[in-house]
Structures are given as structure tokens and as C-alpha cells.
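Okay, upload_13.txt is below, compact mmCIF, C-alpha atoms:
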# COMPACT_ATOMS: atom_id res chain seq x y z
CA MET A 1 -32.00 7.31 40.49
CA ILE A 2 -28.76 5.73 39.40
CA GLY A 3 -30.49 2.36 39.16
CA GLU A 4 -33.18 3.87 36.93
CA ARG A 5 -30.60 5.41 34.66
CA ARG A 6 -28.73 2.15 34.45
CA GLN A 7 -31.93 0.31 33.57
CA GLN A 8 -32.69 2.89 30.90
CA GLY A 9 -29.17 2.46 29.54
CA LEU A 10 -29.52 -1.30 29.44
CA ALA A 11 -32.93 -1.02 27.80
CA ALA A 12 -31.53 1.31 25.16
CA GLU A 13 -28.65 -1.06 24.56
CA LYS A 14 -31.01 -4.02 24.19
CA GLN A 15 -33.26 -1.98 21.92
CA ALA A 16 -30.30 -1.10 19.74
CA LEU A 17 -29.25 -4.74 19.48
CA ASP A 18 -32.84 -5.80 18.73
CA LEU A 19 -33.12 -3.14 16.06
CA TYR A 20 -29.90 -4.30 14.50
CA LEU A 21 -30.95 -7.93 14.50
CA ASP A 22 -34.32 -6.89 13.03
CA SER A 23 -32.48 -5.04 10.28
CA LEU A 24 -30.53 -8.22 9.53
CA TYR A 25 -33.83 -10.09 9.22
CA ASP A 26 -35.23 -7.40 6.93
CA ASP A 27 -32.13 -7.62 4.82
CA ALA A 28 -32.18 -11.40 4.72
CA GLY A 29 -35.33 -11.55 2.62
CA THR A 30 -37.92 -14.27 2.49
CA GLY A 31 -39.52 -16.57 -0.05
CA GLU A 32 -37.58 -18.53 -2.63
CA GLU A 33 -33.94 -18.86 -1.74
CA ASP A 34 -31.00 -18.60 -4.03
CA LEU A 35 -28.62 -21.04 -2.41
CA SER A 36 -25.89 -20.40 -4.94
CA SER A 37 -24.98 -17.19 -3.15
CA ALA A 38 -24.91 -18.73 0.26
CA VAL A 39 -22.21 -20.90 1.67
CA VAL A 40 -23.74 -23.92 3.32
CA SER A 41 -22.84 -27.41 4.30
CA LEU A 42 -25.33 -29.96 3.18
CA VAL A 43 -25.47 -32.64 5.81
CA PRO A 44 -27.86 -35.59 5.49
CA GLU A 45 -30.02 -36.79 8.36
CA SER A 46 -27.61 -39.64 9.06
CA ALA A 47 -24.85 -37.18 9.79
CA LYS A 48 -26.91 -35.24 12.31
CA ILE A 49 -24.74 -34.64 15.34
CA VAL A 50 -25.69 -32.41 18.21
CA PRO A 51 -22.81 -32.62 20.64
CA ASP A 52 -22.61 -30.87 23.94
CA VAL A 53 -19.99 -28.22 23.32
CA SER A 54 -18.00 -27.12 26.30
CA ALA A 55 -14.93 -24.98 26.60
CA GLY A 56 -12.24 -27.62 26.66
CA GLU A 57 -13.85 -29.87 24.08
CA MET A 58 -14.21 -27.53 21.14
CA GLU A 59 -10.93 -28.19 19.40
CA PRO A 60 -11.15 -32.01 19.16
CA LEU A 61 -14.85 -31.82 18.32
CA VAL A 62 -14.30 -29.63 15.30
CA GLY A 63 -11.29 -31.61 14.23
CA GLU A 64 -13.34 -34.79 14.33
CA LEU A 65 -16.31 -33.43 12.43
CA GLN A 66 -14.45 -31.55 9.77
CA PRO A 67 -13.42 -34.34 7.34
CA ARG A 68 -16.92 -35.78 7.18
CA LEU A 69 -18.55 -32.38 6.70
CA ARG A 70 -16.09 -31.41 3.99
CA GLN A 71 -16.93 -34.64 2.19
CA GLU A 72 -20.68 -34.09 2.52
CA ALA A 73 -20.37 -30.57 1.13
CA ASP A 74 -19.57 -32.16 -2.22
CA ALA A 75 -22.79 -34.14 -2.23
CA PRO A 76 -25.56 -33.18 -4.69
CA SER A 77 -27.55 -30.33 -3.27
CA ARG A 78 -31.13 -30.98 -2.20
CA PRO A 79 -31.96 -27.78 -0.34
CA GLU A 80 -35.52 -28.69 0.61
CA GLN A 81 -34.35 -31.82 2.42
CA ASP A 82 -30.89 -30.88 3.53
CA LEU A 83 -29.74 -30.00 6.96
CA LEU A 84 -27.22 -27.45 8.00
CA GLN A 85 -25.01 -27.91 11.02
CA VAL A 86 -23.93 -24.67 12.65
CA LEU A 87 -22.02 -23.57 15.72
CA LEU A 88 -23.82 -20.87 17.70
CA PHE A 89 -21.53 -18.32 19.26
CA ASN A 90 -21.80 -15.11 21.18
CA LEU A 91 -20.53 -11.77 19.99
CA SER A 92 -20.91 -9.08 22.62
CA GLY A 93 -24.47 -10.18 23.31
CA LEU A 94 -25.41 -10.90 19.71
CA LYS A 95 -26.12 -14.51 18.81
CA MET A 96 -24.26 -15.58 15.69
CA ALA A 97 -23.87 -18.84 13.81
CA ILE A 98 -21.23 -20.30 11.54
CA SER A 99 -21.52 -23.38 9.38
CA MET A 100 -19.48 -26.26 10.75
CA ALA A 101 -18.30 -26.96 7.21
CA GLU A 102 -16.55 -23.61 7.20
CA LEU A 103 -15.11 -23.84 10.69
CA ASP A 104 -11.56 -25.15 10.98
CA GLY A 105 -11.26 -24.98 14.74
CA VAL A 106 -11.88 -23.04 17.92
CA VAL A 107 -9.09 -22.04 20.26
CA ASP A 108 -9.04 -20.35 23.63
CA TRP A 109 -7.94 -16.76 23.77
CA PRO A 110 -4.15 -16.89 24.15
CA GLU A 111 -2.15 -15.20 26.88
CA ARG A 112 -1.04 -12.69 24.31
CA LEU A 113 -1.43 -11.87 20.65
CA VAL A 114 1.48 -10.34 18.77
CA SER A 115 0.50 -6.85 17.76
CA VAL A 116 1.67 -5.99 14.25
CA PRO A 117 1.33 -2.35 13.16
CA ASP A 118 0.29 -1.08 9.73
CA ASN A 119 -2.94 -3.01 9.53
CA MET A 120 -6.62 -2.20 9.28
CA PRO A 121 -8.54 -1.33 12.45
CA LEU A 122 -10.31 -4.69 12.45
CA TYR A 123 -7.01 -6.42 13.02
CA VAL A 124 -6.37 -7.52 16.61
CA GLY A 125 -3.02 -9.26 16.31
CA LEU A 126 -1.20 -12.41 15.30
CA LEU A 127 -2.04 -15.74 16.91
CA GLN A 128 0.79 -18.25 17.02
CA GLU A 129 -0.89 -21.61 16.53
CA SER A 130 0.77 -24.87 15.50
CA GLY A 131 3.74 -23.05 14.03
CA ARG A 132 1.55 -20.73 11.97
CA GLN A 133 0.95 -17.03 12.35
CA ILE A 134 -2.78 -16.41 12.11
CA PRO A 135 -4.19 -12.88 11.92
CA VAL A 136 -7.09 -12.41 14.33
CA ILE A 137 -9.97 -10.15 13.32
CA ASP A 138 -12.23 -8.20 15.66
CA LEU A 139 -15.52 -9.65 14.46
CA ALA A 140 -17.62 -7.40 16.71
CA ARG A 141 -16.12 -4.33 15.08
CA LEU A 142 -17.14 -5.70 11.71
CA ILE A 143 -20.62 -6.85 12.68
CA PHE A 144 -21.75 -3.88 14.71
CA PRO A 145 -22.19 -0.66 12.77
CA ALA A 146 -20.29 2.31 14.13
CA ARG A 147 -23.50 3.92 15.39
CA LEU A 148 -24.26 0.90 17.58
CA ARG A 149 -20.70 0.20 18.56
CA ALA A 150 -20.65 3.11 21.00
CA GLN A 151 -23.71 1.74 22.82
CA GLN A 152 -22.50 -1.82 22.65
CA LYS A 153 -21.29 -3.29 25.90
CA SER A 154 -17.84 -4.60 25.20
CA SER A 155 -17.28 -8.08 26.49
CA ALA A 156 -13.98 -9.85 26.74
CA CYS A 157 -13.06 -12.12 23.87
CA GLU A 158 -12.66 -15.67 25.10
CA ARG A 159 -12.44 -17.72 21.92
CA ILE A 160 -11.07 -17.51 18.42
CA LEU A 161 -12.86 -19.19 15.52
CA LEU A 162 -10.48 -20.39 12.82
CA ILE A 163 -11.63 -20.22 9.21
CA GLY A 164 -10.14 -20.43 5.72
CA ASN A 165 -7.92 -23.44 6.38
CA ARG A 166 -6.77 -21.79 9.61
CA ARG A 167 -5.62 -18.72 7.73
CA TRP A 168 -7.81 -16.32 9.71
CA GLY A 169 -9.04 -16.09 13.28
CA LEU A 170 -12.26 -14.42 14.37
CA ALA A 171 -12.46 -13.08 17.92
CA CYS A 172 -15.71 -13.85 19.71
CA SER A 173 -17.05 -13.64 23.25
CA GLY A 174 -17.78 -17.35 23.56
CA VAL A 175 -19.20 -20.40 21.84
CA ALA A 176 -22.48 -22.09 22.72
CA GLU A 177 -23.55 -25.27 20.98
CA VAL A 178 -23.70 -27.02 17.66
CA VAL A 179 -27.23 -27.29 16.28
CA THR A 180 -28.71 -28.72 13.13
CA VAL A 181 -31.25 -26.69 11.23
CA GLU A 182 -33.07 -27.27 7.99
CA SER A 183 -31.76 -25.20 5.13
CA SER A 184 -35.27 -24.03 4.47
CA ALA A 185 -35.38 -22.55 7.96
CA VAL A 186 -32.64 -20.13 7.03
CA ASN A 187 -33.57 -16.80 5.51
CA TRP A 188 -30.89 -16.77 2.85
CA ARG A 189 -29.82 -13.44 1.48
CA ARG A 190 -30.07 -13.31 -2.26
CA GLU A 191 -28.31 -10.13 -3.25
CA ARG A 192 -25.51 -8.76 -1.19
CA THR A 193 -24.38 -5.28 -1.97
CA THR A 194 -23.65 -4.67 1.69
CA ARG A 195 -22.68 -7.01 4.51
CA LYS A 196 -21.35 -9.64 2.18
CA TRP A 197 -20.26 -11.64 5.21
CA LEU A 198 -23.90 -12.25 6.17
CA ALA A 199 -25.29 -15.45 4.60
CA GLY A 200 -28.71 -15.06 6.19
CA THR A 201 -30.52 -15.41 9.46
CA ILE A 202 -31.80 -18.40 11.40
CA GLY A 203 -35.13 -17.37 12.88
CA SER A 204 -35.54 -20.41 15.11
CA HIS A 205 -32.33 -19.55 16.94
CA GLY A 206 -32.49 -15.78 16.58
CA SER A 207 -29.06 -15.69 15.08
CA ALA A 208 -27.26 -14.24 12.10
CA LEU A 209 -25.46 -16.78 9.92
CA LEU A 210 -21.94 -15.82 8.97
CA ASP A 211 -20.67 -16.51 5.45
CA ALA A 212 -17.08 -17.36 6.31
CA ALA A 213 -16.00 -17.82 2.71
CA ALA A 214 -17.28 -14.37 1.74
CA LEU A 215 -15.67 -12.86 4.82
CA GLU A 216 -12.36 -14.48 3.93
CA ARG A 217 -12.55 -13.03 0.44
CA LEU A 218 -13.12 -9.57 1.90
CA LEU A 219 -10.22 -9.98 4.28
CA GLN A 220 -7.94 -11.08 1.48
CA GLN A 221 -8.90 -7.99 -0.46
CA GLY A 222 -8.21 -5.88 2.60
CA ASN A 223 -11.66 -4.51 2.06
CA GLU A 224 -12.88 -1.94 4.51
CA LEU A 225 -15.80 -4.30 5.14
CA VAL A 226 -18.97 -2.27 5.06
CA CYS A 227 -20.53 -2.59 8.45
CA GLY A 228 -23.82 -0.73 7.93
CA MET B 1 24.87 -9.82 21.19
CA GLU B 2 23.48 -13.16 20.16
CA TYR B 3 24.51 -14.97 17.04
CA ALA B 4 22.42 -17.90 16.00
CA VAL B 5 24.10 -19.51 13.03
CA GLU B 6 23.13 -23.14 13.41
CA ASP B 7 23.91 -24.90 10.18
CA ASP B 8 26.65 -23.62 7.90
CA SER B 9 26.01 -26.39 5.44
CA LEU B 10 22.79 -24.81 4.22
CA ASP B 11 22.94 -23.45 0.74
CA GLU B 12 23.92 -19.80 1.05
CA VAL B 13 22.57 -19.04 -2.39
CA ASN B 14 19.14 -20.58 -2.02
CA ASP B 15 18.68 -19.69 1.60
CA PRO B 16 20.80 -16.63 2.33
CA LEU B 17 21.58 -15.37 5.81
CA THR B 18 20.87 -11.79 6.78
CA GLN B 19 21.65 -9.93 9.95
CA TRP B 20 19.04 -7.90 11.81
CA VAL B 21 19.27 -5.37 14.61
CA THR B 22 16.36 -6.00 16.95
CA PHE B 23 14.58 -3.56 19.21
CA PHE B 24 11.47 -3.35 21.33
CA LEU B 25 8.43 -1.12 21.07
CA GLU B 26 5.56 -1.76 23.47
CA ASN B 27 6.61 -5.34 24.26
CA GLU B 28 6.89 -6.38 20.62
CA LYS B 29 10.25 -7.20 19.09
CA TYR B 30 11.12 -5.64 15.75
CA GLY B 31 14.06 -6.04 13.39
CA VAL B 32 15.74 -3.83 10.81
CA PRO B 33 18.57 -4.96 8.51
CA VAL B 34 22.03 -4.41 9.94
CA SER B 35 23.12 -3.10 6.56
CA GLN B 36 20.84 -0.09 7.06
CA VAL B 37 21.94 0.68 10.61
CA MET B 38 24.86 3.06 11.13
CA GLU B 39 24.92 3.18 14.90
CA VAL B 40 22.83 3.13 18.05
CA LEU B 41 22.77 6.15 20.36
CA ARG B 42 21.58 6.71 23.88
CA PHE B 43 18.65 9.09 24.09
CA THR B 44 19.72 12.66 23.77
CA GLU B 45 17.87 15.94 23.61
CA ILE B 46 15.92 16.27 20.37
CA THR B 47 15.36 19.75 18.99
CA PRO B 48 11.82 20.17 17.64
CA VAL B 49 11.44 21.49 14.11
CA PRO B 50 8.45 23.81 13.56
CA GLY B 51 6.32 22.76 10.60
CA ALA B 52 7.83 19.30 10.37
CA PRO B 53 5.60 16.29 9.58
CA ASP B 54 3.72 14.83 12.51
CA ALA B 55 5.95 11.80 12.88
CA VAL B 56 9.14 13.85 12.97
CA MET B 57 10.24 14.43 16.57
CA GLY B 58 13.00 16.80 15.60
CA ILE B 59 16.70 16.83 14.90
CA ILE B 60 19.88 15.92 16.75
CA ASN B 61 23.46 16.90 16.18
CA LEU B 62 25.55 13.83 15.46
CA ARG B 63 29.20 14.85 15.37
CA GLY B 64 28.37 17.96 13.39
CA ASN B 65 25.78 16.35 11.16
CA VAL B 66 22.07 17.02 11.47
CA VAL B 67 20.01 13.85 11.83
CA THR B 68 16.21 13.78 11.64
CA VAL B 69 14.63 11.66 14.38
CA LEU B 70 11.29 9.95 13.79
CA ASP B 71 8.75 9.08 16.43
CA THR B 72 8.49 5.37 15.70
CA ARG B 73 5.71 4.88 18.22
CA LYS B 74 3.57 7.39 16.37
CA LYS B 75 4.29 5.72 13.04
CA PHE B 76 3.30 2.37 14.53
CA GLY B 77 0.11 3.75 16.05
CA LEU B 78 1.30 3.31 19.63
CA SER B 79 0.82 5.66 22.54
CA SER B 80 3.73 7.93 23.43
CA ARG B 81 6.17 7.00 26.16
CA VAL B 82 8.48 9.12 28.24
CA PRO B 83 12.11 8.34 27.27
CA ASP B 84 14.13 6.59 29.95
CA ASP B 85 17.59 5.06 30.38
CA SER B 86 16.83 2.25 27.97
CA THR B 87 15.51 4.50 25.18
CA ARG B 88 17.72 4.46 22.11
CA ILE B 89 17.99 6.25 18.78
CA VAL B 90 18.81 3.80 15.99
CA VAL B 91 20.58 5.78 13.29
CA THR B 92 19.78 4.35 9.88
CA THR B 93 20.69 5.21 6.34
CA ILE B 94 18.00 5.05 3.66
CA ASN B 95 18.58 6.22 0.10
CA GLU B 96 21.63 8.15 1.25
CA HIS B 97 19.58 9.94 3.91
CA VAL B 98 20.48 9.50 7.56
CA ILE B 99 17.45 9.10 9.81
CA GLY B 100 17.16 8.21 13.47
CA ILE B 101 14.30 6.13 14.83
CA LEU B 102 13.38 6.29 18.48
CA VAL B 103 12.85 2.88 20.11
CA ASP B 104 12.12 1.69 23.67
CA ASN B 105 15.33 -0.33 23.79
CA VAL B 106 17.71 -2.21 21.55
CA SER B 107 17.88 -5.94 22.08
CA ASP B 108 20.48 -7.79 20.01
CA VAL B 109 21.68 -8.71 16.55
CA MET B 110 20.18 -11.83 14.98
CA TRP B 111 21.03 -13.91 11.97
CA LEU B 112 18.02 -15.03 9.96
CA ARG B 113 17.71 -17.43 7.05
CA ALA B 114 15.42 -16.30 4.24
CA SER B 115 13.45 -19.49 4.84
CA GLU B 116 12.72 -18.36 8.40
CA MET B 117 10.94 -15.24 7.25
CA GLU B 118 7.23 -15.39 6.62
CA THR B 119 5.16 -12.73 5.00
CA THR B 120 2.24 -11.72 7.14
CA PRO B 121 -1.17 -12.05 5.50
CA SER B 122 -2.18 -8.71 4.12
CA THR B 123 -4.82 -7.07 6.22
CA ASN B 124 -4.60 -3.53 5.00
CA GLY B 125 -5.24 -4.11 1.33
CA GLU B 126 -2.35 -1.94 0.24
CA GLU B 127 0.47 -4.36 -0.28
CA ASN B 128 2.84 -1.74 -1.67
CA ALA B 129 2.36 0.52 1.31
CA LYS B 130 3.05 -2.09 3.95
CA PHE B 131 6.10 -1.34 6.04
CA ILE B 132 6.00 -4.68 7.83
CA GLN B 133 7.73 -7.00 5.42
CA GLY B 134 7.20 -10.15 7.44
CA VAL B 135 7.77 -12.03 10.67
CA ALA B 136 10.24 -14.62 11.86
CA SER B 137 9.69 -17.05 14.70
CA ARG B 138 12.58 -17.86 16.99
CA ASP B 139 12.29 -19.83 20.25
CA GLY B 140 8.56 -19.21 20.40
CA ASP B 141 8.94 -15.46 20.05
CA LEU B 142 7.99 -13.53 17.00
CA LEU B 143 10.29 -10.97 15.40
CA ILE B 144 8.51 -8.39 13.25
CA LEU B 145 10.62 -7.34 10.29
CA VAL B 146 10.41 -3.69 9.27
CA ASP B 147 10.97 -2.34 5.77
CA LEU B 148 12.61 1.00 6.52
CA LEU B 149 12.22 2.30 2.99
CA LYS B 150 8.44 1.96 3.25
CA LEU B 151 8.35 3.14 6.84
CA PHE B 152 9.65 6.57 6.00
CA ALA B 153 7.48 8.81 3.91
CA GLU B 154 9.49 10.90 1.50
CA ASN B 155 8.55 14.17 3.21
CA GLU B 156 9.98 12.84 6.43
CA TRP B 157 13.52 12.37 5.28
CA LYS B 158 13.92 15.33 2.96

Turn this file's structure into C-alpha cells for me.
Amino acid sequence: MIGERRQQGLAAEKQALDLYLDSLYDDAGTGEEDLSSAVVSLVPESAKIVPDVSAGEMEPLVGELQPRLRQEADAPSRPEQDLLQVLLFNLSGLKMAISMAELDGVVDWPERLVSVPDNMPLYVGLLQESGRQIPVIDLARLIFPARLRAQQKSSACERILLIGNRRWGLACSGVAEVVTVESSAVNWRRERTTRKWLAGTIGSHGSALLDAAALERLLQQGNELVCG
Amino acid sequence: MEYAVEDDSLDEVNDPLTQWVTFFLENEKYGVPVSQVMEVLRFTEITPVPGAPDAVMGIINLRGNVVTVLDTRKKFGLSSRVPDDSTRIVVTTINEHVIGILVDNVSDVMWLRASEMETTPSTNGEENAKFIQGVASRDGDLLILVDLLKLFAENEWK
């Protein structure tokens, strides 16, 4: 009896997550893409790197890749031929992706974050990293709409993604691997009246692609960050 | 009391020194300017005031003067805590009003250079309303600097 109920609960939770991901797909749109609204790194075939990402290796890996990717981002854009390198990460069961060009580092969850009052609910605390105080944001709270948040199984945050020249940290459950996808394989969102932090979806990996630059702008504005 | 003046040769005009009374709330260390602190009291019975704002715990009698005491934990969004031997009331003066703030315990008095203070990135979108004016790092620990004027709403001190 209890087992049945638990299975029903898990099924409902999975259904909710599937529905949410489906809604992201619906919102992402198809057909001709307007890449001007999306933040992408344009990496040529020669720069294709698919490293094996493990817990202890993330920081040096990102540090090593970053200069080259930043440089390539300035290259002329050829969307139909260009490749996009993204880090897949886990957010309470939801598969997410972030462009490597927008990622400044990944750090392990610290022993403690300094809790500073008088901030928005998304705010987890201050991370002390390399002499800097970096606000850490609860990404799951932003991504999951309130109606799904109650059903969502909370999982411990294990990593922090650093974006915006290490000005912001995003709490996530864990990181997976770096993959290269063709830009044309991404369902880019064209118009963003809601969820401005969502660049699009990557169907081949079943993940939502985060627009870190747009998210940073929202955070700087102190926007309430529409979750629905 | 700990005084940490390390280099007197620094330009006092360009990088002035200020003194801060530090206290703890829920394991975090906070600071308020010494110039705004009148005295620190041991916890004493606080008389509730019917109809007072939510963050007002009540009043105390300080040598014949009535002092309003604020529930700092409530203002900071923290859960309440039963007062114990280390609980203190920091009596402050803001705009000629005397207000007490209840804290878990008082730590020490610190000197800080202006250059040591960093503003925290805004994450509430209302810069003018922020009562945390910044942070200062010392020996790996972070001191959170409180702007008392912004902490107290006008209806709480009048």
C-alpha cells in the first residue's frame, strides 16, 4: 500500500517534470532561429573538445577552456556550421545546459555560505572565493515554477556554477559532462516575454539551455525573475 | 575587545578608520558603527506593547527612560530564539531616538578601513531600502555591516 502510494507520488513527480520540460520545448519554438537573441559560443570544429568531466577536475578544465572560447566568440557567426559547447548539469532532476563561453568556473559546495539578510528569496548566501564575495542564487527556485516546486524532490546542492566574470554563483545539484552540439540542433527562443533566462532547448540531450547573460541582467536588476 | 590598527601610516583622509561594535545573530557576525551605540545591556524583561509593529518586542526601562526594543531576528528573517545568558540588548541612537536591538551575543569592537569595506551586489533590486551596507573580510571571516538608519522603519522608532 505504502509502496503503491510512493510509486504514484514518484510518477506524479516525473509527470510534472516532463510536463514542465515539454512546456519549455513548446516555448522554445521551431523553424528559423533568431540567433541575435540567444547567447551562444561559436566554436569551430577544430576547437571541439569533449573532456571527461569529473568532480575534482571541473575548475582547471573550465579555466583552461575559457580563454580560447572567449576568443572564438568574437569570430564571424556562421550559425548553420557552428558548434556550441555546453556543460550539462543537474538541477533537482532536471537536465540543464550552459554554454562554456558563459561559464567562468565550477566550485564545490563550500562548508558554509555567509547568509546575508535583506535579499530576495532566490538568494542563498555569499560564497567567499579567491578573496571575492560572490552571491549564490538558488537556480532551482528560479527554474521551477511555484506550482511544481512543491512536488519537486529537493536534492542537495553540490556545485556552484560561476557566471558573469565570477560575479554570480548558481547552485546546482551536480555537473555531468561537456558536450558539443550544432547550433542548428538548438531550439532557440525568439521572443522572450517570460523566462528570459532560457535561451532554448537542446532536444538531443533533453535539456534546457540557460542564457547566463540574460540571467545576470535580471539579477543585476533585482528582478523578481518570472518563473512561470 | 580587539583593536586591529595595523598601519598608522595610511592616509586617514583617503582611507578613514571607523570603529564597529560586532555581534552575532545565527552564526553570522554583524557590525554597527560605534558612534551609534550608547551601551550594551544584559537581557532584561521586555514589556510588550499592544498594537506595536510586528518587529517591536516591547519596551524596557533604562534608568527612567523608556527604550523601544526591536526583534532583530525578525527583521533579518531569522527564526526566533529563546534569550539566554549571552543575549544582549545593544542600545543605539538613531536620529535622536534611542532604540535597543536584541542580539544573540556581542563579540568585540573592530577598527575598519574604508578600503576594507565592500558593497554586496544588490540582489533585492531596491538599493535605497537595503539595510546591509556592505561586508568586510577579516582573517577569513566576513563581517556584515548594518545601516541602522535603514534597518529601522519610521513607525518602529516613533

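By chain and then residue number, the residues within 12 Å of Ile94 of chain B are Val32, Pro33, Ser35, Gln36, Val37, Met38, Thr68, Val98, Ile99, Gly100, Ile101, Asp147, Leu148, Leu149, Lys150, Leu151, Phe152, Ala153, Glu154, Glu156, Trp157 and Lys158 of chain B, counting all atoms listed in the file and disregarding those fewer than 4 positions away in sequence.
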
**Prompt:** In Å, how far is it from atom CA of Lys75 of chain B to atom CA of Leu219 of chain A?
**Reply:**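 Computed distance, atom CA of Lys75 of chain B to atom CA of Leu219 of chain A, equals 23.1 Å.
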
**Prompt:** In Å, how far is it from atom CA of Met110 of chain B to atom CA of Val13 of chain B?
**Reply:**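 These atoms are spaced 19.0 Å apart.
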
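Rounded to one decimal, atom CA of Leu142 of chain B and atom CA of Thr120 of chain B lie 11.6 Å from each other.
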
**Message:** So, with all atoms listed in the file as the atoms that count, which of A:Ala185, A:Val179, A:Leu87, A:Ala213 lies closest to Ser99 of chain A?
**Reply:** A:Leu87

**Request:** Between B:Val34, B:Ala136, B:Val90, B:Leu41, single out the one closest to chain A, counting all atoms listed in the file.
**Result:**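 Of B:Val34, B:Ala136, B:Val90, B:Leu41, the one nearest chain A, counting all atoms listed in the file, is B:Ala136.
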
Build an axis-aligned box that encloses every atom of segment 140-148 of chain B listed in the file, pad it by 3 Å on each side, and report its centre and edge lengths in Å to one decimal, as lines of an AutoDock Vina configuration file.
center_x = 10.3
center_y = -9.1
center_z = 13.1
size_x = 10.6
size_y = 26.2
size_z = 20.6

Contact check, segment 4-123 of chain B to segment 103-125 of chain A, at most 12 Å, counting only C-alpha atoms, closest pairs as a tab-separated table:
residue	atom	partner	partner_atom	distance
B:Leu25	CA	A:Ser115	CA	10.3
B:Glu26	CA	A:Ser115	CA	9.2
B:Asn27	CA	A:Val114	CA	9.0
B:Glu28	CA	A:Val114	CA	7.0
B:Lys29	CA	A:Val114	CA	9.3
B:Tyr30	CA	A:Val116	CA	9.6
B:Thr72	CA	A:Pro117	CA	10.8
B:Arg73	CA	A:Pro117	CA	9.9
B:Lys74	CA	A:Pro117	CA	10.5
B:Lys75	CA	A:Asp118	CA	8.6
B:Phe76	CA	A:Pro117	CA	5.3
B:Gly77	CA	A:Pro117	CA	6.9
B:Leu78	CA	A:Pro117	CA	8.6
B:Thr119	CA	A:Val116	CA	12.0
B:Thr120	CA	A:Val116	CA	9.1
B:Pro121	CA	A:Asn119	CA	10.1
B:Ser122	CA	A:Asn119	CA	7.9
B:Thr123	CA	A:Asn119	CA	5.6

I'd like the contact shell of Pro83 of chain B - 12 Å cut-off, only C-alpha atoms, skipping same-chain residues fewer than 6 positions apart - returned as a CSV table (one decimal) with C-alpha atoms, in the coordinates of the input.
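Saved as around-v2.csv:
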chain,number,residue,atom,x,y,z
B,25,LEU,CA,8.4,-1.1,21.1
B,42,ARG,CA,21.6,6.7,23.9
B,43,PHE,CA,18.6,9.1,24.1
B,44,THR,CA,19.7,12.7,23.8
B,45,GLU,CA,17.9,15.9,23.6
B,46,ILE,CA,15.9,16.3,20.4
B,71,ASP,CA,8.8,9.1,16.4
B,73,ARG,CA,5.7,4.9,18.2
B,89,ILE,CA,18.0,6.2,18.8
B,102,LEU,CA,13.4,6.3,18.5
B,103,VAL,CA,12.8,2.9,20.1
B,104,ASP,CA,12.1,1.7,23.7
B,105,ASN,CA,15.3,-0.3,23.8

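Only residues having an atom at most 10 Å from (10.8, -14.2, 15.3) are included; using only C-alpha atoms, these are Lys29, Tyr30, Gly31, Met110, Leu112, Glu116, Met117, Glu118, Gly134, Val135, Ala136, Ser137, Arg138, Asp139, Gly140, Asp141, Leu142, Leu143, Ile144 and Leu145 of chain B.
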
**Request:** Determine, counting all atoms listed in the file, which protein, DNA and RNA residues have an atom within 8 Å of an atom of Thr47 of chain B; residues of the same chain fewer than 4 positions away are not included. Present the result as number ranges by chain.
**Result:** B: 57-60
